[in-house]
file upload.txt (compact mmCIF, C-alpha atoms and all ligand atoms)
# COMPACT_ATOMS: atom_id res chain seq x y z
CA MET A 1 12.74 10.25 -27.96
CA ASP A 2 15.19 13.12 -27.77
CA TYR A 3 15.24 16.70 -26.54
CA PHE A 4 15.89 18.48 -29.84
CA GLU A 5 12.77 20.29 -30.98
CA TYR A 6 11.57 23.40 -32.79
CA LYS A 7 10.04 26.16 -30.71
CA ASN A 8 8.61 29.02 -32.81
CA ASN A 9 10.55 27.80 -35.79
CA GLU A 10 13.91 27.77 -34.02
CA LEU A 11 15.66 24.56 -33.06
CA PHE A 12 16.31 24.03 -29.36
CA CYS A 13 18.32 21.46 -27.45
CA GLU A 14 16.48 21.16 -24.14
CA GLU A 15 15.99 24.83 -23.14
CA VAL A 16 18.85 26.21 -25.22
CA ASN A 17 18.38 27.79 -28.65
CA LEU A 18 20.97 26.24 -30.95
CA LYS A 19 21.45 29.67 -32.55
CA GLU A 20 22.95 30.84 -29.27
CA ILE A 21 25.42 27.95 -29.24
CA SER A 22 26.43 28.43 -32.85
CA LYS A 23 27.06 32.14 -32.19
CA ASN A 24 29.10 31.51 -29.05
CA VAL A 25 30.98 28.37 -29.96
CA GLY A 26 31.06 28.57 -33.76
CA THR A 27 30.64 25.71 -36.20
CA PRO A 28 31.19 22.89 -36.84
CA ALA A 29 30.38 21.66 -33.34
CA TYR A 30 28.81 18.59 -31.79
CA ILE A 31 26.00 19.37 -29.35
CA TYR A 32 24.86 16.72 -26.86
CA SER A 33 21.75 16.73 -24.69
CA LYS A 34 22.36 15.50 -21.15
CA LYS A 35 18.69 14.74 -20.63
CA THR A 36 18.59 12.61 -23.78
CA LEU A 37 21.66 10.62 -22.74
CA GLU A 38 20.06 9.97 -19.36
CA ARG A 39 16.69 9.11 -20.82
CA HIS A 40 18.14 6.58 -23.25
CA ALA A 41 20.40 4.95 -20.66
CA ASN A 42 17.48 4.74 -18.25
CA ALA A 43 15.43 3.02 -20.94
CA TYR A 44 17.82 0.09 -20.36
CA LEU A 45 18.65 0.53 -16.68
CA ARG A 46 15.05 0.76 -15.52
CA SER A 47 13.78 -2.07 -17.70
CA PHE A 48 15.50 -4.86 -15.81
CA SER A 49 12.96 -6.38 -13.49
CA SER A 50 15.64 -7.32 -10.94
CA THR A 51 19.19 -6.36 -10.11
CA LYS A 52 20.32 -8.98 -12.58
CA GLY A 53 21.11 -6.44 -15.31
CA LEU A 54 24.34 -4.57 -16.00
CA VAL A 55 24.43 -1.88 -18.70
CA CYS A 56 27.94 -1.25 -20.00
CA PHE A 57 27.79 1.75 -22.33
CA SER A 58 29.90 1.22 -25.43
CA VAL A 59 32.54 3.93 -25.09
CA LYS A 60 33.55 3.69 -28.73
CA SER A 61 30.26 5.31 -29.78
CA LEU A 62 30.83 8.51 -27.75
CA SER A 63 33.86 8.86 -25.54
CA ASN A 64 33.88 12.45 -24.29
CA LEU A 65 34.64 12.41 -20.54
CA SER A 66 31.64 14.59 -19.65
CA ALA A 67 29.21 12.33 -21.52
CA LEU A 68 30.73 9.26 -19.85
CA ASN A 69 30.44 10.96 -16.48
CA VAL A 70 26.71 11.60 -17.04
CA LEU A 71 26.22 7.91 -17.75
CA LYS A 72 28.38 6.73 -14.84
CA ASN A 73 26.36 8.89 -12.46
CA ILE A 74 23.12 7.12 -13.33
CA GLY A 75 24.60 3.65 -12.93
CA CYS A 76 26.14 2.62 -16.24
CA GLY A 77 29.27 0.56 -16.52
CA PHE A 78 31.43 0.63 -19.63
CA ASP A 79 32.37 -1.54 -22.58
CA ILE A 80 35.83 -0.53 -23.77
CA VAL A 81 37.99 -1.60 -26.69
CA SER A 82 41.38 -0.01 -26.05
CA GLY A 83 43.81 1.17 -23.40
CA GLY A 84 42.81 4.72 -24.32
CA GLU A 85 39.16 4.01 -23.54
CA LEU A 86 40.19 2.35 -20.27
CA HIS A 87 42.17 5.48 -19.41
CA ARG A 88 39.05 7.57 -20.08
CA VAL A 89 36.71 5.57 -17.87
CA LEU A 90 39.27 5.35 -15.06
CA LYS A 91 39.68 9.12 -15.31
CA ILE A 92 35.98 9.55 -14.44
CA LYS A 93 36.37 6.99 -11.64
CA ALA A 94 34.15 4.34 -13.19
CA ASP A 95 33.67 1.23 -11.04
CA PRO A 96 36.24 -1.32 -12.37
CA ASN A 97 33.74 -4.02 -11.54
CA LYS A 98 31.53 -2.60 -14.28
CA ILE A 99 34.20 -2.46 -17.01
CA ILE A 100 34.32 -5.00 -19.82
CA PHE A 101 37.24 -5.02 -22.25
CA SER A 102 36.19 -6.15 -25.76
CA GLY A 103 38.13 -6.26 -29.02
CA VAL A 104 40.11 -8.73 -31.13
CA GLY A 105 43.59 -7.29 -30.79
CA LYS A 106 44.38 -6.38 -27.19
CA SER A 107 48.07 -5.56 -26.77
CA GLU A 108 50.18 -6.76 -23.83
CA GLU A 109 50.26 -3.24 -22.48
CA GLU A 110 46.46 -2.94 -22.65
CA ILE A 111 45.97 -6.30 -20.93
CA GLU A 112 48.34 -5.39 -18.12
CA TYR A 113 46.56 -2.05 -17.69
CA GLY A 114 43.19 -3.86 -17.39
CA ILE A 115 44.48 -6.52 -14.99
CA ARG A 116 46.18 -3.99 -12.73
CA ASN A 117 42.89 -2.08 -12.52
CA LYS A 118 40.89 -5.24 -11.70
CA ILE A 119 38.28 -4.86 -14.45
CA LEU A 120 35.22 -7.12 -14.47
CA SER A 121 36.27 -9.10 -17.54
CA PHE A 122 38.29 -9.34 -20.71
CA ASN A 123 35.98 -10.61 -23.43
CA ILE A 124 38.47 -12.79 -25.23
CA GLU A 125 38.24 -13.57 -28.92
CA SER A 126 40.89 -16.25 -29.48
CA GLY A 127 42.92 -18.96 -27.75
CA SER A 128 46.08 -16.91 -28.31
CA GLU A 129 44.54 -14.01 -26.44
CA LEU A 130 43.77 -16.29 -23.49
CA LEU A 131 47.41 -17.43 -23.37
CA ARG A 132 48.60 -13.83 -23.48
CA ILE A 133 46.29 -12.84 -20.61
CA GLU A 134 47.38 -15.90 -18.61
CA LYS A 135 51.06 -15.05 -19.12
CA ILE A 136 50.57 -11.47 -17.93
CA ALA A 137 48.35 -12.48 -14.99
CA SER A 138 50.97 -15.03 -13.94
CA MET A 139 53.72 -12.40 -14.15
CA LEU A 140 51.60 -10.16 -11.91
CA LYS A 141 50.81 -13.14 -9.64
CA VAL A 142 47.04 -12.67 -9.93
CA SER A 143 44.08 -14.30 -11.60
CA ALA A 144 42.44 -12.43 -14.51
CA SER A 145 38.71 -12.66 -15.18
CA ILE A 146 37.68 -13.52 -18.72
CA SER A 147 34.64 -14.35 -20.73
CA ILE A 148 34.62 -15.94 -24.16
CA ARG A 149 33.03 -14.11 -27.08
CA PHE A 150 31.46 -16.67 -29.39
CA ASN A 151 29.66 -16.25 -32.69
CA PRO A 152 26.07 -17.41 -32.42
CA GLU A 153 25.85 -17.53 -36.24
CA VAL A 154 22.96 -15.12 -36.35
CA ASP A 155 22.65 -12.77 -39.31
CA SER A 156 21.24 -9.59 -37.85
CA GLY A 157 20.92 -7.67 -41.12
CA GLY A 158 22.36 -4.17 -41.50
CA HIS A 159 25.43 -2.90 -43.32
CA ASP A 160 28.13 -5.51 -43.96
CA TYR A 161 30.74 -3.32 -42.25
CA ILE A 162 28.82 -3.41 -38.96
CA THR A 163 27.52 -6.98 -39.03
CA THR A 164 29.34 -9.31 -36.67
CA GLY A 165 28.48 -12.61 -35.02
CA ARG A 166 28.74 -14.72 -38.21
CA LYS A 167 31.31 -17.30 -39.31
CA GLY A 168 33.94 -15.45 -41.31
CA ASP A 169 33.55 -12.21 -39.35
CA LYS A 170 36.83 -11.28 -37.65
CA PHE A 171 35.13 -11.06 -34.26
CA GLY A 172 34.46 -13.80 -31.73
CA ILE A 173 35.04 -17.54 -31.95
CA SER A 174 32.87 -19.48 -34.35
CA SER A 175 33.68 -23.09 -33.41
CA LEU A 176 31.85 -24.17 -30.27
CA GLU A 177 34.40 -26.97 -29.90
CA GLU A 178 37.11 -24.34 -29.71
CA VAL A 179 35.07 -22.38 -27.15
CA MET A 180 34.80 -25.52 -25.03
CA GLN A 181 38.55 -26.23 -25.30
CA ILE A 182 39.33 -22.69 -24.20
CA ALA A 183 36.85 -22.95 -21.33
CA ASP A 184 38.41 -26.23 -20.24
CA TYR A 185 41.89 -24.68 -20.35
CA ALA A 186 40.64 -21.64 -18.39
CA LYS A 187 39.19 -23.92 -15.75
CA ARG A 188 42.55 -25.59 -15.19
CA SER A 189 44.57 -22.37 -15.19
CA LYS A 190 45.65 -20.86 -11.87
CA HIS A 191 45.71 -17.41 -13.42
CA ILE A 192 42.41 -17.36 -15.28
CA ASN A 193 38.92 -17.07 -13.85
CA MET A 194 36.20 -17.64 -16.45
CA VAL A 195 33.22 -15.49 -15.47
CA GLY A 196 31.04 -15.17 -18.55
CA ILE A 197 30.22 -15.76 -22.16
CA ALA A 198 29.59 -12.96 -24.61
CA CYS A 199 28.33 -12.26 -28.07
CA HIS A 200 27.60 -9.17 -30.15
CA ILE A 201 25.64 -9.82 -33.29
CA GLY A 202 25.96 -6.51 -35.13
CA SER A 203 24.79 -2.94 -35.14
CA GLN A 204 21.72 -0.97 -36.19
CA ILE A 205 19.60 -4.10 -35.61
CA LEU A 206 15.93 -3.43 -36.19
CA ASN A 207 14.32 -6.66 -34.99
CA LEU A 208 14.31 -8.68 -31.79
CA GLU A 209 14.28 -12.05 -33.51
CA SER A 210 18.07 -12.07 -34.00
CA TYR A 211 18.57 -11.32 -30.29
CA LYS A 212 16.16 -14.08 -29.27
CA ALA A 213 18.00 -16.55 -31.51
CA ALA A 214 21.36 -15.43 -30.08
CA ALA A 215 20.03 -15.65 -26.51
CA LYS A 216 18.90 -19.23 -27.08
CA LYS A 217 22.36 -20.20 -28.33
CA THR A 218 23.99 -18.37 -25.43
CA VAL A 219 21.90 -20.31 -22.91
CA GLU A 220 22.76 -23.62 -24.64
CA LEU A 221 26.44 -22.75 -24.51
CA ALA A 222 26.20 -21.70 -20.86
CA GLU A 223 24.71 -25.13 -20.06
CA ARG A 224 27.62 -26.89 -21.78
CA ILE A 225 30.09 -24.73 -19.87
CA ASN A 226 28.33 -25.42 -16.55
CA ALA A 227 28.54 -29.12 -17.38
CA ILE A 228 32.36 -29.00 -17.26
CA GLY A 229 32.19 -27.43 -13.80
CA ILE A 230 32.40 -23.69 -14.51
CA GLU A 231 29.92 -21.37 -12.79
CA LEU A 232 29.41 -18.15 -14.76
CA LYS A 233 28.63 -14.71 -13.36
CA PHE A 234 27.13 -13.15 -16.48
CA LEU A 235 25.83 -13.66 -19.99
CA ASP A 236 26.76 -10.68 -22.15
CA MET A 237 24.53 -10.06 -25.16
CA GLY A 238 26.52 -7.11 -26.55
CA GLY A 239 24.98 -4.00 -28.04
CA GLY A 240 23.65 -3.32 -31.48
CA LEU A 241 20.02 -2.24 -31.19
CA GLY A 242 19.15 0.23 -33.97
CA VAL A 243 18.04 3.85 -33.87
CA PRO A 244 15.78 5.89 -36.16
CA TYR A 245 18.28 7.69 -38.43
CA ASN A 246 15.82 8.28 -41.19
CA GLY A 247 12.39 6.88 -40.45
CA GLU A 248 13.38 3.41 -39.20
CA THR A 249 11.28 1.97 -36.37
CA PRO A 250 13.56 -0.08 -34.09
CA PRO A 251 12.23 -1.94 -31.05
CA ASP A 252 12.36 -0.16 -27.72
CA PRO A 253 15.28 -1.07 -25.40
CA SER A 254 12.71 -2.16 -22.81
CA ASP A 255 11.41 -4.78 -25.26
CA LEU A 256 14.94 -6.05 -25.81
CA VAL A 257 15.47 -6.36 -22.05
CA LYS A 258 12.12 -8.17 -21.66
CA ALA A 259 12.92 -10.58 -24.49
CA LEU A 260 16.32 -11.42 -22.98
CA GLU A 261 14.95 -11.79 -19.46
CA SER A 262 12.36 -14.18 -20.78
CA ALA A 263 14.90 -16.20 -22.82
CA MET A 264 17.15 -16.41 -19.74
CA SER A 265 14.51 -16.78 -17.05
CA ASP A 266 15.96 -20.13 -15.90
CA ARG A 267 19.45 -18.71 -15.54
CA LYS A 268 20.92 -17.14 -12.45
CA GLU A 269 23.71 -15.16 -14.17
CA LYS A 270 23.51 -11.39 -14.63
CA ILE A 271 22.53 -10.19 -18.10
CA VAL A 272 25.06 -7.72 -19.44
CA LEU A 273 24.29 -5.37 -22.34
CA GLU A 274 26.73 -3.12 -24.20
CA PRO A 275 24.55 -0.52 -25.92
CA GLY A 276 26.23 2.35 -27.71
CA ARG A 277 24.22 3.92 -30.49
CA THR A 278 20.82 3.60 -28.76
CA ILE A 279 22.09 5.74 -25.90
CA SER A 280 24.26 8.27 -27.73
CA ALA A 281 23.08 8.65 -31.35
CA ASN A 282 19.96 10.75 -30.85
CA ALA A 283 21.57 12.60 -27.97
CA GLY A 284 23.81 14.53 -30.37
CA VAL A 285 23.67 16.74 -33.44
CA LEU A 286 26.45 18.22 -35.55
CA LEU A 287 25.99 21.93 -36.18
CA THR A 288 27.40 23.16 -39.46
CA SER A 289 27.13 26.46 -41.37
CA ILE A 290 26.47 26.84 -45.07
CA GLU A 291 29.52 28.52 -46.60
CA TYR A 292 28.46 28.56 -50.25
CA ILE A 293 25.62 27.47 -52.47
CA LYS A 294 26.57 26.17 -55.91
CA ASP A 295 24.07 24.46 -58.23
CA ASP A 296 22.31 21.94 -56.01
CA PHE A 297 25.21 21.76 -53.53
CA LEU A 298 25.15 23.21 -50.06
CA ILE A 299 28.86 23.52 -49.27
CA VAL A 300 29.10 23.47 -45.47
CA ASP A 301 31.93 23.90 -42.97
CA ALA A 302 31.70 20.31 -41.65
CA ALA A 303 33.27 17.53 -43.64
CA MET A 304 33.98 13.81 -43.65
CA ASN A 305 36.75 14.42 -41.11
CA ASP A 306 34.03 15.63 -38.68
CA LEU A 307 31.36 13.04 -39.53
CA LEU A 308 32.62 10.01 -41.40
CA ARG A 309 29.50 7.82 -41.36
CA PRO A 310 27.99 9.05 -44.66
CA SER A 311 31.27 8.49 -46.55
CA LEU A 312 32.14 5.26 -44.74
CA TYR A 313 28.80 3.46 -44.69
CA GLY A 314 26.58 5.53 -46.97
CA ALA A 315 24.74 6.42 -43.74
CA GLU A 316 21.82 8.83 -44.14
CA HIS A 317 21.35 11.41 -41.40
CA ASP A 318 18.36 13.69 -41.31
CA VAL A 319 19.37 17.37 -41.52
CA TRP A 320 17.39 20.32 -40.15
CA ASN A 321 17.83 24.05 -40.63
CA ILE A 322 18.08 25.46 -37.09
CA ASN A 323 16.21 28.61 -38.05
CA ASN A 324 13.42 27.20 -40.04
CA ALA A 325 11.20 24.25 -39.38
CA GLN A 326 9.12 25.10 -42.46
CA SER A 327 9.91 23.85 -45.87
CA ALA A 328 7.73 26.24 -47.88
CA ASN A 329 10.54 27.21 -50.24
CA ALA A 330 12.37 23.92 -49.76
CA LYS A 331 14.51 22.42 -52.50
CA ASN A 332 16.47 19.26 -53.04
CA TRP A 333 20.14 19.55 -52.03
CA ASN A 334 23.36 17.61 -51.74
CA ILE A 335 25.21 18.69 -48.61
CA VAL A 336 28.96 18.46 -49.07
CA GLY A 337 32.07 19.49 -47.15
CA PRO A 338 35.28 21.29 -48.10
CA ILE A 339 37.51 18.18 -48.23
CA CYS A 340 39.14 17.27 -51.52
CA GLU A 341 37.40 13.90 -51.98
CA SER A 342 34.27 13.16 -53.97
CA SER A 343 33.18 10.95 -51.08
CA ASP A 344 33.10 13.99 -48.80
CA PHE A 345 29.40 14.44 -48.31
CA ILE A 346 27.20 14.87 -45.27
CA ARG A 347 23.88 14.04 -46.92
CA LYS A 348 22.76 13.52 -50.49
CA ASN A 349 19.36 14.28 -51.85
CA ILE A 350 17.62 16.04 -48.99
CA THR A 351 14.79 18.53 -49.14
CA LEU A 352 15.11 21.65 -47.00
CA SER A 353 15.02 25.41 -47.25
CA ALA A 354 18.48 26.93 -47.01
CA LYS A 355 20.52 29.98 -47.81
CA GLU A 356 24.16 30.91 -47.37
CA SER A 357 25.24 31.31 -43.70
CA ASP A 358 22.28 29.34 -42.38
CA VAL A 359 23.20 26.80 -39.72
CA LEU A 360 22.14 23.18 -40.16
CA ALA A 361 21.83 20.47 -37.55
CA VAL A 362 22.86 17.00 -38.71
CA LYS A 363 20.73 14.78 -36.55
CA THR A 364 21.45 11.47 -34.81
CA ALA A 365 25.16 12.27 -34.90
CA GLY A 366 26.00 11.59 -31.24
CA ALA A 367 27.19 8.02 -31.89
CA TYR A 368 30.22 7.26 -34.05
CA GLY A 369 30.39 10.97 -34.84
CA PHE A 370 33.09 12.93 -33.04
CA VAL A 371 34.88 9.71 -32.06
CA MET A 372 35.62 8.95 -35.71
CA SER A 373 36.76 12.47 -36.52
CA SER A 374 40.26 13.09 -37.83
CA ASN A 375 42.58 15.87 -38.93
CA TYR A 376 42.37 14.92 -42.62
CA ASN A 377 43.22 17.90 -44.83
CA SER A 378 44.83 19.39 -41.68
CA ARG A 379 41.43 20.40 -40.40
CA PRO A 380 41.34 21.01 -36.64
CA ARG A 381 38.83 18.76 -34.90
CA CYS A 382 35.66 20.60 -33.94
CA ALA A 383 34.28 21.50 -30.50
CA GLU A 384 31.91 19.41 -28.36
CA VAL A 385 29.23 21.01 -26.20
CA LEU A 386 26.98 19.56 -23.50
CA VAL A 387 23.55 21.10 -22.93
CA ASP A 388 22.01 20.71 -19.49
CA GLY A 389 18.58 22.32 -19.13
CA ASP A 390 18.95 26.00 -19.91
CA GLY A 391 22.75 26.05 -19.85
CA PHE A 392 25.57 24.69 -21.96
CA LYS A 393 29.30 24.04 -21.57
CA ILE A 394 32.11 23.42 -24.01
CA ILE A 395 33.26 19.94 -23.04
CA LYS A 396 35.98 19.77 -25.66
CA LYS A 397 37.60 22.83 -27.14
CA ARG A 398 37.92 23.28 -30.87
CA GLU A 399 41.48 22.41 -31.90
CA SER A 400 43.74 25.23 -33.03
CA TYR A 401 46.31 25.22 -35.81
CA SER A 402 49.05 24.89 -33.20
CA ASP A 403 47.29 21.80 -31.75
CA LEU A 404 47.68 20.26 -35.18
CA LEU A 405 51.46 20.53 -34.99
CA ASN A 406 51.86 19.73 -31.30
CA LEU A 407 53.50 16.33 -31.62
CA GLU A 408 55.48 16.95 -34.79
CA GLU A 409 59.16 17.70 -35.08
CA VAL A 410 61.21 18.75 -38.06
CA PRO A 411 64.69 17.11 -37.90
CA ASN A 412 67.65 19.43 -38.30
CA ASP A 413 68.94 19.49 -41.89
C1 LIG A 501 31.54 -5.72 -28.75
C2 LIG A 501 30.67 -4.55 -29.01
N1 LIG A 501 29.79 -4.19 -28.05
C3 LIG A 501 28.97 -3.12 -28.22
C4 LIG A 501 29.00 -2.37 -29.39
C5 LIG A 501 28.07 -1.20 -29.50
O1 LIG A 501 27.22 -1.35 -30.57
P1 LIG A 501 26.05 -0.30 -30.81
O2 LIG A 501 26.63 1.05 -30.79
O3 LIG A 501 25.52 -0.66 -32.16
O4 LIG A 501 25.06 -0.52 -29.72
C6 LIG A 501 29.87 -2.72 -30.41
C7 LIG A 501 29.90 -1.95 -31.66
O5 LIG A 501 30.50 -2.22 -32.63
C8 LIG A 501 30.74 -3.84 -30.21
O6 LIG A 501 31.60 -4.21 -31.16
call {"tool": "encode", "arguments": {"input": "upload.txt", "output": "structure tokens"}}
result
Amino acid sequence: MDYFEYKNNELFCEEVNLKEISKNVGTPAYIYSKKTLERHANAYLRSFSSTKGLVCFSVKSLSNLSALNVLKNIGCGFDIVSGGELHRVLKIKADPNKIIFSGVGKSEEEIEYGIRNKILSFNIESGSELLRIEKIASMLKVSASISIRFNPEVDSGGHDYITTGRKGDKFGISSLEEVMQIADYAKRSKHINMVGIACHIGSQILNLESYKAAAKKTVELAERINAIGIELKFLDMGGGLGVPYNGETPPDPSDLVKALESAMSDRKEKIVLEPGRTISANAGVLLTSIEYIKDDFLIVDAAMNDLLRPSLYGAEHDVWNINNAQSANAKNWNIVGPICESSDFIRKNITLSAKESDVLAVKTAGAYGFVMSSNYNSRPRCAEVLVDGDGFKIIKKRESYSDLLNLEEVPND
């Protein structure tokens, strides 16, 4: 459930009329609801029946400092995938003991940054990565904590681009023999401390069966690892639970937590989760104005550089007119942006009433929205706004033309 709703035919975020934000901030702009972020994170945090749970919000889904700060303040840790994301969470003074570093291609610089800041764990994805971490830890004369990300061979459904956890996916380690060899090496290394095992089976998952199957395999693997004398601190089941973009009915986070607690009831390790989309997606909308109407096209001021998901995955976001909940004179439209690519669309085939200069809200855009935005076509990135009750703040300014050129230099002829 989110806090975007019509009141007298006008769309509000919490207590703020979105018309007011569009007038003051302009469009396109991402608008996030603080209450919704908190509500969704609490749906995980409060579902653990003991202190055995750790929720590490997946920073890649929404990485604005203010949003991260909201989540830190209610107890979330963070799942990061780059030095830049580590820099962000350190900036908001996140507890290093709640930071997990995922990703297949960590650079030496990123590893050193993580080790120096004593993060909870590097989720490693190959033997070569382990050797690299060991080398850097040894140079720093410390021991680095790692967990091994394995592929439980569970097909979670969903778009091929966001399915992971299967043999042949680039993520994780598929051979359990290889996992055991790495664990054995880690055990003998002076500079490595193996603290967990991890998996992440995909994204936009709409059933709990895949998680239950993955949990069973995780427990079996944990037993094998214990048998060679390694005590683990946590079992990390990744993120991936789906959200209702367009009528889907995903399980509730509390049901996921219950299912995992039950599958792991004999285990003493913490259960770690890395949810992204379920916390951030419905906490954000993208506001965009209709510039022109041509045939059945609504040509808006947001484009694929602002919201890439429709072009990248064929993702379908619901779109609402902020001034009109009714669809009495509604028509079928294709909503497209100004970018010179045929794949530049926000939503195809949607019924709504609209006229030029109306403002639309593209729903469920809080996750993998702004974070994937770019300057393609030399378009300045849009603003981000956080609503809190009856007030709102710009939490990232709209870029200017001079921002676009900031880092460029023209060599002397
Ligand atoms: C390792 C890992 N953890 C967590 C997530 C977050 O997934 P979601 O936003 O679907 O919950 C991802 C997303 O790709 C991921 O790769």
call {"tool": "residues_around", "arguments": {"input": "upload.txt", "residues": "region 235-251 of chain A", "least_positions_apart": "5", "cutoff": "8 Å", "atoms": "all atoms listed in the file", "output": "PDB file with C-alpha atoms, in the frame of the given file"}}
result
ATOM      1  CA  SER A  58      29.900   1.220 -25.430  1.00  0.00           C
ATOM      2  CA  GLY A 196      31.040 -15.170 -18.550  1.00  0.00           C
ATOM      3  CA  ILE A 197      30.220 -15.760 -22.160  1.00  0.00           C
ATOM      4  CA  ALA A 198      29.590 -12.960 -24.610  1.00  0.00           C
ATOM      5  CA  CYS A 199      28.330 -12.260 -28.070  1.00  0.00           C
ATOM      6  CA  HIS A 200      27.600  -9.170 -30.150  1.00  0.00           C
ATOM      7  CA  ILE A 201      25.640  -9.820 -33.290  1.00  0.00           C
ATOM      8  CA  GLY A 202      25.960  -6.510 -35.130  1.00  0.00           C
ATOM      9  CA  SER A 203      24.790  -2.940 -35.140  1.00  0.00           C
ATOM     10  CA  GLN A 204      21.720  -0.970 -36.190  1.00  0.00           C
ATOM     11  CA  ILE A 205      19.600  -4.100 -35.610  1.00  0.00           C
ATOM     12  CA  LEU A 206      15.930  -3.430 -36.190  1.00  0.00           C
ATOM     13  CA  ASN A 207      14.320  -6.660 -34.990  1.00  0.00           C
ATOM     14  CA  LEU A 208      14.310  -8.680 -31.790  1.00  0.00           C
ATOM     15  CA  TYR A 211      18.570 -11.320 -30.290  1.00  0.00           C
ATOM     16  CA  ALA A 214      21.360 -15.430 -30.080  1.00  0.00           C
ATOM     17  CA  ALA A 215      20.030 -15.650 -26.510  1.00  0.00           C
ATOM     18  CA  THR A 218      23.990 -18.370 -25.430  1.00  0.00           C
ATOM     19  CA  LEU A 256      14.940  -6.050 -25.810  1.00  0.00           C
ATOM     20  CA  GLU A 269      23.710 -15.160 -14.170  1.00  0.00           C
ATOM     21  CA  LYS A 270      23.510 -11.390 -14.630  1.00  0.00           C
ATOM     22  CA  ILE A 271      22.530 -10.190 -18.100  1.00  0.00           C
ATOM     23  CA  VAL A 272      25.060  -7.720 -19.440  1.00  0.00           C
ATOM     24  CA  LEU A 273      24.290  -5.370 -22.340  1.00  0.00           C
ATOM     25  CA  GLU A 274      26.730  -3.120 -24.200  1.00  0.00           C
ATOM     26  CA  PRO A 275      24.550  -0.520 -25.920  1.00  0.00           C
ATOM     27  CA  GLY A 276      26.230   2.350 -27.710  1.00  0.00           C
ATOM     28  CA  ARG A 277      24.220   3.920 -30.490  1.00  0.00           C
ATOM     29  CA  THR A 278      20.820   3.600 -28.760  1.00  0.00           C
ATOM     30  CA  ALA A 281      23.080   8.650 -31.350  1.00  0.00           C
ATOM     31  CA  ASN A 282      19.960  10.750 -30.850  1.00  0.00           C
ATOM     32  CA  GLU A 316      21.820   8.830 -44.140  1.00  0.00           C
ATOM     33  CA  HIS A 317      21.350  11.410 -41.400  1.00  0.00           C
ATOM     34  CA  ASP A 318      18.360  13.690 -41.310  1.00  0.00           C
ATOM     35  CA  LYS A 363      20.730  14.780 -36.550  1.00  0.00           C
ATOM     36  CA  THR A 364      21.450  11.470 -34.810  1.00  0.00           C
TER      37      THR A 364
END
call {"tool": "closest_residue", "arguments": {"input": "upload.txt", "among": "A:Ser49, A:Gly114, A:Ser400, A:Met304", "to": "Ser262 (chain A)", "atoms": "all atoms listed in the file"}}
result
A:Ser49
call {"tool": "residues_around", "arguments": {"input": "upload.txt", "residues": "Glu291 (chain A)", "least_positions_apart": "4", "cutoff": "9 Å", "atoms": "only C-alpha atoms", "output": "list in words"}}
result
Leu298, Ile299, Val300, Asp301, Glu356, Ser357 and Asp358 of chain A
call {"tool": "atom_distance", "arguments": {"input": "upload.txt", "atom1": "CA of Val285 (chain A)", "atom2": "CA of Lys396 (chain A)"}}
result
14.9 Å
call {"tool": "closest_residue", "arguments": {"input": "upload.txt", "among": "A:Asp252, A:Glu125, A:Glu409, A:Glu14", "to": "Ile279 (chain A)", "atoms": "only C-alpha atoms"}}
result
A:Asp252
